[in-house]
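Undergrad: Pasting in a structure now, in structure tokens, and then I'll have a few things to ask.
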Amino acid sequence: MSAELTAPAAAGTLSPYLWRYGSPAQLGLKVNAYRGYEIEGLAQALRTPDLADSPVECVMVGDSYFMTHLGRPGTVMSGAAEQEWALATLVGLVAEVRKSTDAEFTAARRPFLLADLPDGATRDTGTARAAAGRFAAAGADAVKVEVAGEAELRCVEAVAATGLPTLAHLGYTPQLTRLGRHGDAVDDAMELFAQARRARDAGACGLIVEMVSEPVNQALSRPHPEGLPVYSVFSGRARWGGQSLNLWDAVVRPAKAGRYFPPTPTLDAADVPTAYTPELIADRMRELIRLTLAGWFPLSPRTALDPRDSARIADTDPWSVS
């Protein structure tokens, strides 16, 4: 099935970038990648004939780089100096990835480049606007803000008001909340829906939901005239939702095996310096994208919701005030 770009829209939206794949309402794939040579491998994968029309529409330079490539235990920084280092590091990576995407993809096929505001960049609205401006100057097409409450929503509003497309990250937010599944109780699901509406009203043009229950993911992703595009991470599958894939996780085995990680990695972390090449990246990303498009990945997560509560969530319109 071939893909085509939508018509350009006003600043602050993702419409010029989203692929029509199967239906105008259905989103495609977001790939987390951090270095220019990783983009080279991704581009090689997408030049494979059966993947030439695959809906890879976004590349995100995320703060998970600090854990994957640098081996840090998390994405939270220890103070102001580390926060500035994190921001400067990601700005440099965005510039590197921008250069590589421009070289590897035609203008019609090039994914939009999403930059992740790191820890400390949303401590106030002025800091968020300044950080987003640095990312835009480095070549980002859009930015992402982790949201756990009203303070971060004010940052979404401030950045979106500049005209830069802004996505809100809900559910498990590694900079702000403890690891755990969200929306696994009806009240929690309704709060996530309310948070999604507040993000939309603050000017967000898309959502990334991480570790939310699959019924919540499916409800948020259903076509809706007042809804937002959704990419999901560790949140199961949603027929009309976009899926986020991590290029590193496709290639490198995790230190601790996880049920919901991709089944494709073949490389131990100790071998990355010599064996993490564009050719291996291309091979593993081909496999992961094929598994994703075929519906074999991701797996549906376990849930504490009983069938009655799952049905109640499914029957809820998350984008309208109830």
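Ordered as shown in the structure tokens, chains take letters A, B, and onward, while each chain numbers its residues from 1 and ligands are numbered from 1 in the order shown.
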As a ChimeraX atom specification, list the residues of range 5-213 of chain A assigned to strand (DSSP E) by DSSP on the backbone atoms of this structure.
TA: /A:5,19-20,29-32,56-61,112-116,142-146,166-171,206-210
Undergrad: Residues as selected, N, CA and C atoms, written as an mmCIF file, in the first residue's frame, can you do that?
TA:
```
data_model
loop_
_atom_site.group_PDB
_atom_site.id
_atom_site.type_symbol
_atom_site.label_atom_id
_atom_site.label_comp_id
_atom_site.auth_asym_id
_atom_site.auth_seq_id
_atom_site.Cartn_x
_atom_site.Cartn_y
_atom_site.Cartn_z
ATOM 1 N N LEU A 5 2.211 12.094 1.346
ATOM 2 C CA LEU A 5 2.184 13.120 2.367
ATOM 3 C C LEU A 5 0.898 13.911 2.292
ATOM 4 N N TRP A 19 2.134 10.489 7.454
ATOM 5 C CA TRP A 19 1.890 9.614 6.315
ATOM 6 C C TRP A 19 0.465 9.088 6.332
ATOM 7 N N ARG A 20 -0.139 9.065 5.138
ATOM 8 C CA ARG A 20 -1.429 8.398 4.954
ATOM 9 C C ARG A 20 -1.117 6.934 4.663
ATOM 10 N N LEU A 29 5.067 5.201 11.982
ATOM 11 C CA LEU A 29 6.096 4.814 12.930
ATOM 12 C C LEU A 29 7.016 5.979 13.266
ATOM 13 N N LYS A 30 7.357 6.046 14.551
ATOM 14 C CA LYS A 30 8.364 6.970 15.055
ATOM 15 C C LYS A 30 9.556 6.131 15.471
ATOM 16 N N VAL A 31 10.755 6.521 15.046
ATOM 17 C CA VAL A 31 11.963 5.771 15.374
ATOM 18 C C VAL A 31 12.877 6.651 16.216
ATOM 19 N N ASN A 32 13.217 6.172 17.408
ATOM 20 C CA ASN A 32 14.210 6.865 18.224
ATOM 21 C C ASN A 32 15.596 6.547 17.682
ATOM 22 N N VAL A 56 7.422 5.162 8.123
ATOM 23 C CA VAL A 56 8.334 5.783 9.091
ATOM 24 C C VAL A 56 8.271 7.280 8.837
ATOM 25 N N GLU A 57 7.597 7.985 9.719
ATOM 26 C CA GLU A 57 7.312 9.395 9.475
ATOM 27 C C GLU A 57 8.039 10.326 10.438
ATOM 28 N N CYS A 58 8.659 9.765 11.466
ATOM 29 C CA CYS A 58 9.294 10.592 12.489
ATOM 30 C C CYS A 58 10.573 9.929 12.981
ATOM 31 N N VAL A 59 11.607 10.727 13.166
ATOM 32 C CA VAL A 59 12.810 10.318 13.897
ATOM 33 C C VAL A 59 12.905 11.220 15.117
ATOM 34 N N MET A 60 13.072 10.603 16.288
ATOM 35 C CA MET A 60 13.185 11.396 17.507
ATOM 36 C C MET A 60 14.568 11.228 18.124
ATOM 37 N N VAL A 61 15.206 12.348 18.428
ATOM 38 C CA VAL A 61 16.417 12.358 19.235
ATOM 39 C C VAL A 61 15.972 12.549 20.676
ATOM 40 N N PHE A 112 9.995 13.643 9.794
ATOM 41 C CA PHE A 112 10.195 14.880 10.551
ATOM 42 C C PHE A 112 11.039 14.572 11.783
ATOM 43 N N LEU A 113 11.797 15.552 12.210
ATOM 44 C CA LEU A 113 12.776 15.388 13.279
ATOM 45 C C LEU A 113 12.215 15.979 14.566
ATOM 46 N N LEU A 114 12.064 15.121 15.558
ATOM 47 C CA LEU A 114 11.484 15.490 16.848
ATOM 48 C C LEU A 114 12.585 15.504 17.901
ATOM 49 N N ALA A 115 12.671 16.578 18.662
ATOM 50 C CA ALA A 115 13.683 16.723 19.707
ATOM 51 C C ALA A 115 13.020 16.666 21.073
ATOM 52 N N ASP A 116 13.692 16.007 22.002
ATOM 53 C CA ASP A 116 13.169 15.744 23.336
ATOM 54 C C ASP A 116 13.746 16.756 24.325
ATOM 55 N N ALA A 142 10.056 19.672 15.390
ATOM 56 C CA ALA A 142 9.096 19.657 16.479
ATOM 57 C C ALA A 142 9.839 19.291 17.756
ATOM 58 N N VAL A 143 9.194 19.533 18.895
ATOM 59 C CA VAL A 143 9.794 19.171 20.177
ATOM 60 C C VAL A 143 8.778 18.404 21.010
ATOM 61 N N LYS A 144 9.307 17.665 21.995
ATOM 62 C CA LYS A 144 8.473 16.885 22.909
ATOM 63 C C LYS A 144 8.725 17.339 24.332
ATOM 64 N N VAL A 145 7.635 17.417 25.114
ATOM 65 C CA VAL A 145 7.702 17.832 26.512
ATOM 66 C C VAL A 145 7.061 16.754 27.375
ATOM 67 N N GLU A 146 7.801 16.243 28.370
ATOM 68 C CA GLU A 146 7.204 15.323 29.333
ATOM 69 C C GLU A 146 6.252 16.103 30.233
ATOM 70 N N THR A 166 4.562 21.018 18.954
ATOM 71 C CA THR A 166 4.921 20.543 20.281
ATOM 72 C C THR A 166 4.082 19.330 20.631
ATOM 73 N N LEU A 167 4.754 18.237 21.025
ATOM 74 C CA LEU A 167 4.068 17.027 21.453
ATOM 75 C C LEU A 167 4.189 16.888 22.958
ATOM 76 N N ALA A 168 3.142 16.362 23.586
ATOM 77 C CA ALA A 168 3.136 16.118 25.026
ATOM 78 C C ALA A 168 3.311 14.631 25.285
ATOM 79 N N HIS A 169 4.168 14.305 26.240
ATOM 80 C CA HIS A 169 4.479 12.927 26.624
ATOM 81 C C HIS A 169 3.748 12.646 27.930
ATOM 82 N N LEU A 170 2.786 11.687 27.884
ATOM 83 C CA LEU A 170 1.946 11.378 29.036
ATOM 84 C C LEU A 170 2.174 9.943 29.494
ATOM 85 N N GLY A 171 1.644 9.634 30.680
ATOM 86 C CA GLY A 171 1.800 8.301 31.250
ATOM 87 C C GLY A 171 3.058 8.248 32.077
ATOM 88 N N GLY A 206 0.269 16.688 19.186
ATOM 89 C CA GLY A 206 0.382 15.240 19.199
ATOM 90 C C GLY A 206 0.728 14.766 20.593
ATOM 91 N N LEU A 207 0.551 13.462 20.815
ATOM 92 C CA LEU A 207 0.856 12.852 22.099
ATOM 93 C C LEU A 207 1.818 11.695 21.913
ATOM 94 N N ILE A 208 2.646 11.488 22.913
ATOM 95 C CA ILE A 208 3.372 10.234 23.082
ATOM 96 C C ILE A 208 2.927 9.673 24.423
ATOM 97 N N VAL A 209 2.399 8.445 24.411
ATOM 98 C CA VAL A 209 1.948 7.822 25.648
ATOM 99 C C VAL A 209 2.865 6.645 25.943
ATOM 100 N N GLU A 210 3.358 6.586 27.178
ATOM 101 C CA GLU A 210 4.303 5.541 27.550
ATOM 102 C C GLU A 210 3.775 4.756 28.743
#
```
Undergrad: Quick one: residues within 8 Å of range 74-80 of chain A, only C-alpha atoms counted, chain neighbours fewer than 4 positions away excluded, as an NGL selection string?
TA: :A and (63-64 or 66-67 or 84 or 86 or 118-120 or 174-175)
Undergrad: Could the residues in this selection be saved with all heavy atoms as a short mmCIF file (atom, residue, chain, number, x, y, z; two decimals), in the first residue's frame?
TA:
```cif
data_model
loop_
_atom_site.label_atom_id
_atom_site.label_comp_id
_atom_site.auth_asym_id
_atom_site.auth_seq_id
_atom_site.Cartn_x
_atom_site.Cartn_y
_atom_site.Cartn_z
N ASP A 63 16.15 11.82 25.10
CA ASP A 63 17.11 11.79 26.19
C ASP A 63 17.44 10.37 26.64
O ASP A 63 18.35 10.18 27.46
CB ASP A 63 16.63 12.65 27.36
CG ASP A 63 15.33 12.16 28.00
OD1 ASP A 63 14.76 11.15 27.53
OD2 ASP A 63 14.88 12.79 28.98
N SER A 64 16.77 9.37 26.08
CA SER A 64 17.18 7.99 26.34
C SER A 64 18.60 7.71 25.85
O SER A 64 19.21 6.71 26.23
CB SER A 64 16.19 7.00 25.70
OG SER A 64 15.99 7.30 24.33
N PHE A 66 21.14 9.06 26.87
CA PHE A 66 22.02 9.02 28.04
C PHE A 66 22.08 7.63 28.66
O PHE A 66 23.08 7.26 29.27
CB PHE A 66 21.56 10.06 29.07
CG PHE A 66 21.53 11.46 28.53
CD1 PHE A 66 20.38 12.23 28.61
CD2 PHE A 66 22.64 12.00 27.91
CE1 PHE A 66 20.34 13.51 28.10
CE2 PHE A 66 22.62 13.29 27.39
CZ PHE A 66 21.46 14.05 27.49
N MET A 67 21.01 6.85 28.48
CA MET A 67 20.98 5.49 29.01
C MET A 67 21.54 4.49 28.00
O MET A 67 22.31 3.61 28.36
CB MET A 67 19.55 5.12 29.38
CG MET A 67 18.92 6.03 30.42
SD MET A 67 17.17 5.69 30.70
CE MET A 67 17.25 4.06 31.45
N GLU A 84 22.43 21.57 31.86
CA GLU A 84 22.94 22.32 30.70
C GLU A 84 23.76 21.42 29.79
O GLU A 84 23.66 21.51 28.56
CB GLU A 84 23.77 23.51 31.17
CG GLU A 84 24.47 24.26 30.04
CD GLU A 84 23.53 24.72 28.94
OE1 GLU A 84 22.36 25.05 29.24
OE2 GLU A 84 23.97 24.76 27.76
N ALA A 86 23.28 18.20 29.40
CA ALA A 86 22.32 17.33 28.71
C ALA A 86 21.68 18.05 27.53
O ALA A 86 21.55 17.50 26.43
CB ALA A 86 21.25 16.85 29.69
N PRO A 118 15.14 17.80 27.57
CA PRO A 118 15.67 16.97 28.65
C PRO A 118 15.33 17.53 30.02
O PRO A 118 14.75 18.62 30.16
CB PRO A 118 17.18 17.01 28.39
CG PRO A 118 17.41 18.36 27.80
CD PRO A 118 16.18 18.63 26.95
N ASP A 119 15.72 16.77 31.04
CA ASP A 119 15.51 17.17 32.42
C ASP A 119 16.06 18.59 32.66
O ASP A 119 17.18 18.92 32.26
CB ASP A 119 16.23 16.18 33.34
CG ASP A 119 16.01 16.50 34.81
OD1 ASP A 119 14.88 16.86 35.17
OD2 ASP A 119 16.98 16.39 35.59
N GLY A 120 15.25 19.41 33.29
CA GLY A 120 15.64 20.78 33.59
C GLY A 120 15.15 21.79 32.58
O GLY A 120 15.03 22.97 32.90
N PRO A 174 9.82 9.48 32.36
CA PRO A 174 11.04 9.12 33.10
C PRO A 174 11.70 10.26 33.86
O PRO A 174 12.35 10.02 34.87
CB PRO A 174 11.96 8.57 32.00
CG PRO A 174 11.03 8.05 30.96
CD PRO A 174 9.87 8.99 30.96
N GLN A 175 11.53 11.50 33.38
CA GLN A 175 12.13 12.63 34.10
C GLN A 175 11.34 12.98 35.37
O GLN A 175 11.90 13.60 36.28
CB GLN A 175 12.17 13.87 33.21
CG GLN A 175 13.02 13.77 31.97
CD GLN A 175 12.81 14.95 31.04
OE1 GLN A 175 12.33 16.01 31.47
NE2 GLN A 175 13.15 14.79 29.77
#
```
Undergrad: When distances are computed from only C-alpha atoms, which of A:Phe193, A:Leu280, A:Ala238, A:Ala304 shows the smallest separation from Thr316 in chain A?
TA: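 That would be A:Phe193, the residue with the smallest distance to Thr316 in chain A.
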Undergrad: Residues at most 8 Å from Val159 in chain A, counting only C-alpha atoms, excluding those fewer than 3 positions away in the same chain, as a ChimeraX atom specification?
TA: /A:125,128-129,132,155-156,162-164,166
Undergrad: Okay, now the selection with N, CA and C atoms, as an mmCIF file, in the first residue's frame?
TA:
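Now in result05.cif:
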```
data_model
loop_
_atom_site.group_PDB
_atom_site.id
_atom_site.type_symbol
_atom_site.label_atom_id
_atom_site.label_comp_id
_atom_site.auth_asym_id
_atom_site.auth_seq_id
_atom_site.Cartn_x
_atom_site.Cartn_y
_atom_site.Cartn_z
ATOM 1 N N THR A 125 8.582 28.324 32.042
ATOM 2 C CA THR A 125 8.195 28.519 30.645
ATOM 3 C C THR A 125 9.294 29.191 29.832
ATOM 4 N N ALA A 128 11.866 26.611 28.925
ATOM 5 C CA ALA A 128 11.343 25.712 27.893
ATOM 6 C C ALA A 128 11.372 26.366 26.523
ATOM 7 N N ARG A 129 10.965 27.625 26.445
ATOM 8 C CA ARG A 129 11.000 28.323 25.149
ATOM 9 C C ARG A 129 12.430 28.447 24.632
ATOM 10 N N ALA A 132 13.622 24.988 23.418
ATOM 11 C CA ALA A 132 12.975 24.644 22.159
ATOM 12 C C ALA A 132 13.570 25.448 21.009
ATOM 13 N N CYS A 155 4.411 24.828 30.087
ATOM 14 C CA CYS A 155 5.553 24.830 29.169
ATOM 15 C C CYS A 155 5.122 24.428 27.766
ATOM 16 N N VAL A 156 4.241 23.421 27.667
ATOM 17 C CA VAL A 156 3.691 23.050 26.358
ATOM 18 C C VAL A 156 3.041 24.262 25.710
ATOM 19 N N THR A 162 4.877 29.666 20.227
ATOM 20 C CA THR A 162 5.896 30.200 19.323
ATOM 21 C C THR A 162 5.689 29.719 17.887
ATOM 22 N N GLY A 163 4.790 28.745 17.692
ATOM 23 C CA GLY A 163 4.568 28.182 16.367
ATOM 24 C C GLY A 163 5.330 26.901 16.105
ATOM 25 N N LEU A 164 6.176 26.481 17.043
ATOM 26 C CA LEU A 164 6.921 25.240 16.871
ATOM 27 C C LEU A 164 6.029 24.068 17.267
ATOM 28 N N THR A 166 4.562 21.018 18.954
ATOM 29 C CA THR A 166 4.921 20.543 20.281
ATOM 30 C C THR A 166 4.082 19.330 20.631
#
```
Undergrad: Could you check how far CA of Met285 in chain A sits from CA of Trp248 in chain A, in Å to one decimal?
TA: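 CA of Met285 in chain A sits 9.4 Å away from CA of Trp248 in chain A.
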Undergrad: Near Arg134 in chain A, within 10 Å and counting only C-alpha atoms, which residues show up once chain neighbours fewer than 6 positions away are dropped, as a ChimeraX atom specification?
TA: /A:87-88,90-92,94,128,140
Undergrad: Please measure the separation of CA of Leu291 in chain A and CA of Arg109 in chain A, giving the value in Å to one decimal.
TA: 21.3 Å
Undergrad: Hey, which of A:Ala33, A:Leu117, A:Ser15, A:Gly236 ends up closest to Ala130 in chain A? Count only C-alpha atoms.
TA: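 For Ala130 in chain A, the nearest of the candidates is A:Leu117.
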Undergrad: Set the distance at 7 Å and use only C-alpha atoms: which residues neighbour Thr101 in chain A once local chain neighbours fewer than 4 positions away are removed? I'd like the list as a PyMOL selection string.
TA: chain A and resi 39+97+105+110
Undergrad: Take the residues just selected and output them with all heavy atoms as a PDB file, in the first residue's frame.
TA:
```
ATOM      1  N   ILE A  39      21.093   6.905  11.447  1.00  0.00           N
ATOM      2  CA  ILE A  39      20.193   7.328  10.374  1.00  0.00           C
ATOM      3  C   ILE A  39      20.612   6.682   9.056  1.00  0.00           C
ATOM      4  O   ILE A  39      19.756   6.271   8.250  1.00  0.00           O
ATOM      5  CB  ILE A  39      20.197   8.865  10.248  1.00  0.00           C
ATOM      6  CG1 ILE A  39      19.680   9.502  11.540  1.00  0.00           C
ATOM      7  CG2 ILE A  39      19.370   9.305   9.046  1.00  0.00           C
ATOM      8  CD1 ILE A  39      18.266   9.109  11.914  1.00  0.00           C
ATOM      9  N   VAL A  97      21.876  14.572  13.445  1.00  0.00           N
ATOM     10  CA  VAL A  97      20.815  13.777  12.813  1.00  0.00           C
ATOM     11  C   VAL A  97      20.147  14.557  11.684  1.00  0.00           C
ATOM     12  O   VAL A  97      19.795  13.991  10.641  1.00  0.00           O
ATOM     13  CB  VAL A  97      19.806  13.318  13.878  1.00  0.00           C
ATOM     14  CG1 VAL A  97      18.545  12.746  13.241  1.00  0.00           C
ATOM     15  CG2 VAL A  97      20.450  12.280  14.793  1.00  0.00           C
ATOM     16  N   PHE A 105      17.689  11.025   2.866  1.00  0.00           N
ATOM     17  CA  PHE A 105      16.299  10.929   2.434  1.00  0.00           C
ATOM     18  C   PHE A 105      15.985  12.032   1.431  1.00  0.00           C
ATOM     19  O   PHE A 105      16.520  13.140   1.526  1.00  0.00           O
ATOM     20  CB  PHE A 105      15.349  11.072   3.631  1.00  0.00           C
ATOM     21  CG  PHE A 105      15.394   9.930   4.601  1.00  0.00           C
ATOM     22  CD1 PHE A 105      16.223   9.991   5.720  1.00  0.00           C
ATOM     23  CD2 PHE A 105      14.609   8.806   4.419  1.00  0.00           C
ATOM     24  CE1 PHE A 105      16.267   8.951   6.627  1.00  0.00           C
ATOM     25  CE2 PHE A 105      14.651   7.757   5.329  1.00  0.00           C
ATOM     26  CZ  PHE A 105      15.479   7.824   6.431  1.00  0.00           C
ATOM     27  N   ARG A 110      11.513  12.226   3.680  1.00  0.00           N
ATOM     28  CA  ARG A 110      12.270  12.475   4.901  1.00  0.00           C
ATOM     29  C   ARG A 110      11.354  12.534   6.123  1.00  0.00           C
ATOM     30  O   ARG A 110      10.361  13.275   6.134  1.00  0.00           O
ATOM     31  CB  ARG A 110      13.032  13.793   4.772  1.00  0.00           C
ATOM     32  CG  ARG A 110      13.928  14.104   5.957  1.00  0.00           C
ATOM     33  CD  ARG A 110      14.844  15.278   5.645  1.00  0.00           C
ATOM     34  NE  ARG A 110      14.106  16.465   5.280  1.00  0.00           N
ATOM     35  CZ  ARG A 110      14.274  17.132   4.135  1.00  0.00           C
ATOM     36  NH1 ARG A 110      15.156  16.729   3.235  1.00  0.00           N
ATOM     37  NH2 ARG A 110      13.565  18.220   3.886  1.00  0.00           N
TER      38      ARG A 110
END
```
Undergrad: Just give me the gap between CA of Arg200 in chain A and CA of Ser213 in chain A in Å, one decimal is fine.
TA: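 For CA of Arg200 in chain A relative to CA of Ser213 in chain A, the distance reads 20.2 Å.
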Undergrad: For Leu192 in chain A, which residue out of A:Val251, A:Leu267, A:Ile313, A:Leu51 is the nearest one, using only C-alpha atoms?
TA: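 Smallest distance to Leu192 in chain A is found for A:Ile313.
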Undergrad: Here is a test: counting only C-alpha atoms, which residue of A:Tyr231, A:Arg237, A:Ala257, A:Arg222 is nearest to Ala294 in chain A?
TA: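 Closest to Ala294 in chain A of all the choices is A:Arg237.
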Undergrad: Just asking: which residues within range 131-310 of chain A are helix (DSSP H, G or I) according to DSSP, as a VMD selection string?
TA: chain A and resid 131 to 138 150 to 160 186 to 201 214 to 221 247 to 251 269 to 275 278 to 293 307 to 310
Undergrad: Considering only C-alpha atoms, can you say which of A:Leu93, A:Met190, A:Leu245, A:Ala161 comes closest to Ser310 in chain A?
TA: A:Met190
Undergrad: Rank A:Glu287, A:Asp309, A:Glu82, A:Glu152 by their smallest atom-to-atom distance to Val186 in chain A, using only C-alpha atoms, and report the top residue only.
TA: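 Using only C-alpha atoms, the shortest distance to Val186 in chain A belongs to A:Asp309.
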Undergrad: Contacts of Arg284 in chain A at 10 Å or less, counting only C-alpha atoms, minus same-chain residues fewer than 3 places along, as a PDB file with N, CA, C and O atoms, in the first residue's frame?
TA:
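out-v9.pdb, written as the output of this step:
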```pdb
ATOM      1  N   GLY A  41      21.915   3.735   8.719  1.00  0.00           N
ATOM      2  CA  GLY A  41      21.392   2.375   8.774  1.00  0.00           C
ATOM      3  C   GLY A  41      19.888   2.329   8.577  1.00  0.00           C
ATOM      4  O   GLY A  41      19.365   1.467   7.858  1.00  0.00           O
ATOM      5  N   LEU A  42      19.160   3.250   9.199  1.00  0.00           N
ATOM      6  CA  LEU A  42      17.709   3.302   9.024  1.00  0.00           C
ATOM      7  C   LEU A  42      17.349   3.537   7.569  1.00  0.00           C
ATOM      8  O   LEU A  42      16.445   2.885   7.014  1.00  0.00           O
ATOM      9  N   ALA A  45      17.686   0.448   5.544  1.00  0.00           N
ATOM     10  CA  ALA A  45      16.556  -0.450   5.764  1.00  0.00           C
ATOM     11  C   ALA A  45      15.347  -0.034   4.946  1.00  0.00           C
ATOM     12  O   ALA A  45      14.664  -0.867   4.337  1.00  0.00           O
ATOM     13  N   LEU A 247      15.633   2.357  17.854  1.00  0.00           N
ATOM     14  CA  LEU A 247      16.621   1.729  16.982  1.00  0.00           C
ATOM     15  C   LEU A 247      17.667   0.961  17.791  1.00  0.00           C
ATOM     16  O   LEU A 247      18.049  -0.155  17.433  1.00  0.00           O
ATOM     17  N   TRP A 248      18.147   1.542  18.879  1.00  0.00           N
ATOM     18  CA  TRP A 248      19.138   0.863  19.729  1.00  0.00           C
ATOM     19  C   TRP A 248      18.574  -0.461  20.246  1.00  0.00           C
ATOM     20  O   TRP A 248      19.245  -1.491  20.223  1.00  0.00           O
ATOM     21  N   ASP A 249      17.326  -0.438  20.725  1.00  0.00           N
ATOM     22  CA  ASP A 249      16.714  -1.655  21.266  1.00  0.00           C
ATOM     23  C   ASP A 249      16.506  -2.719  20.194  1.00  0.00           C
ATOM     24  O   ASP A 249      16.416  -3.915  20.518  1.00  0.00           O
ATOM     25  N   ALA A 250      16.420  -2.295  18.945  1.00  0.00           N
ATOM     26  CA  ALA A 250      16.275  -3.261  17.857  1.00  0.00           C
ATOM     27  C   ALA A 250      17.552  -4.047  17.616  1.00  0.00           C
ATOM     28  O   ALA A 250      17.509  -5.143  17.048  1.00  0.00           O
ATOM     29  N   VAL A 251      18.693  -3.499  18.049  1.00  0.00           N
ATOM     30  CA  VAL A 251      20.004  -4.077  17.716  1.00  0.00           C
ATOM     31  C   VAL A 251      20.718  -4.647  18.932  1.00  0.00           C
ATOM     32  O   VAL A 251      21.329  -5.721  18.859  1.00  0.00           O
ATOM     33  N   VAL A 252      20.653  -3.934  20.058  1.00  0.00           N
ATOM     34  CA  VAL A 252      21.499  -4.237  21.222  1.00  0.00           C
ATOM     35  C   VAL A 252      20.673  -4.930  22.302  1.00  0.00           C
ATOM     36  O   VAL A 252      19.620  -4.425  22.723  1.00  0.00           O
ATOM     37  N   PRO A 263      12.123  -8.281  19.810  1.00  0.00           N
ATOM     38  CA  PRO A 263      12.761  -9.602  19.782  1.00  0.00           C
ATOM     39  C   PRO A 263      13.945  -9.678  18.831  1.00  0.00           C
ATOM     40  O   PRO A 263      14.467 -10.761  18.591  1.00  0.00           O
ATOM     41  N   THR A 264      14.383  -8.538  18.298  1.00  0.00           N
ATOM     42  CA  THR A 264      15.343  -8.529  17.191  1.00  0.00           C
ATOM     43  C   THR A 264      16.812  -8.385  17.550  1.00  0.00           C
ATOM     44  O   THR A 264      17.667  -8.621  16.695  1.00  0.00           O
ATOM     45  N   PRO A 265      17.202  -7.952  18.761  1.00  0.00           N
ATOM     46  CA  PRO A 265      18.624  -7.651  18.984  1.00  0.00           C
ATOM     47  C   PRO A 265      19.518  -8.887  18.918  1.00  0.00           C
ATOM     48  O   PRO A 265      19.143  -9.976  19.352  1.00  0.00           O
ATOM     49  N   THR A 266      20.727  -8.679  18.388  1.00  0.00           N
ATOM     50  CA  THR A 266      21.718  -9.751  18.262  1.00  0.00           C
ATOM     51  C   THR A 266      23.073  -9.346  18.814  1.00  0.00           C
ATOM     52  O   THR A 266      23.998 -10.150  18.826  1.00  0.00           O
ATOM     53  N   PRO A 278      26.184   0.675  10.505  1.00  0.00           N
ATOM     54  CA  PRO A 278      24.976   0.938   9.715  1.00  0.00           C
ATOM     55  C   PRO A 278      24.404  -0.328   9.076  1.00  0.00           C
ATOM     56  O   PRO A 278      23.172  -0.467   8.978  1.00  0.00           O
ATOM     57  N   GLU A 279      25.260  -1.243   8.665  1.00  0.00           N
ATOM     58  CA  GLU A 279      24.779  -2.466   8.016  1.00  0.00           C
ATOM     59  C   GLU A 279      23.992  -3.341   8.988  1.00  0.00           C
ATOM     60  O   GLU A 279      22.929  -3.868   8.649  1.00  0.00           O
ATOM     61  N   LEU A 280      24.507  -3.492  10.212  1.00  0.00           N
ATOM     62  CA  LEU A 280      23.775  -4.283  11.204  1.00  0.00           C
ATOM     63  C   LEU A 280      22.498  -3.568  11.618  1.00  0.00           C
ATOM     64  O   LEU A 280      21.443  -4.206  11.774  1.00  0.00           O
ATOM     65  N   ILE A 281      22.572  -2.265  11.787  1.00  0.00           N
ATOM     66  CA  ILE A 281      21.379  -1.489  12.120  1.00  0.00           C
ATOM     67  C   ILE A 281      20.307  -1.673  11.047  1.00  0.00           C
ATOM     68  O   ILE A 281      19.130  -1.901  11.358  1.00  0.00           O
ATOM     69  N   GLU A 287      13.948  -6.067  10.141  1.00  0.00           N
ATOM     70  CA  GLU A 287      13.186  -7.106  10.819  1.00  0.00           C
ATOM     71  C   GLU A 287      12.154  -6.514  11.774  1.00  0.00           C
ATOM     72  O   GLU A 287      11.003  -6.956  11.813  1.00  0.00           O
ATOM     73  N   LEU A 288      12.549  -5.510  12.539  1.00  0.00           N
ATOM     74  CA  LEU A 288      11.624  -4.936  13.505  1.00  0.00           C
ATOM     75  C   LEU A 288      10.466  -4.225  12.813  1.00  0.00           C
ATOM     76  O   LEU A 288       9.304  -4.339  13.251  1.00  0.00           O
ATOM     77  N   ILE A 289      10.742  -3.487  11.759  1.00  0.00           N
ATOM     78  CA  ILE A 289       9.655  -2.798  11.051  1.00  0.00           C
ATOM     79  C   ILE A 289       8.700  -3.820  10.438  1.00  0.00           C
ATOM     80  O   ILE A 289       7.477  -3.663  10.496  1.00  0.00           O
ATOM     81  N   ARG A 290       9.236  -4.883   9.868  1.00  0.00           N
ATOM     82  CA  ARG A 290       8.366  -5.926   9.314  1.00  0.00           C
ATOM     83  C   ARG A 290       7.486  -6.543  10.391  1.00  0.00           C
ATOM     84  O   ARG A 290       6.278  -6.752  10.181  1.00  0.00           O
TER      85      ARG A 290
END
```
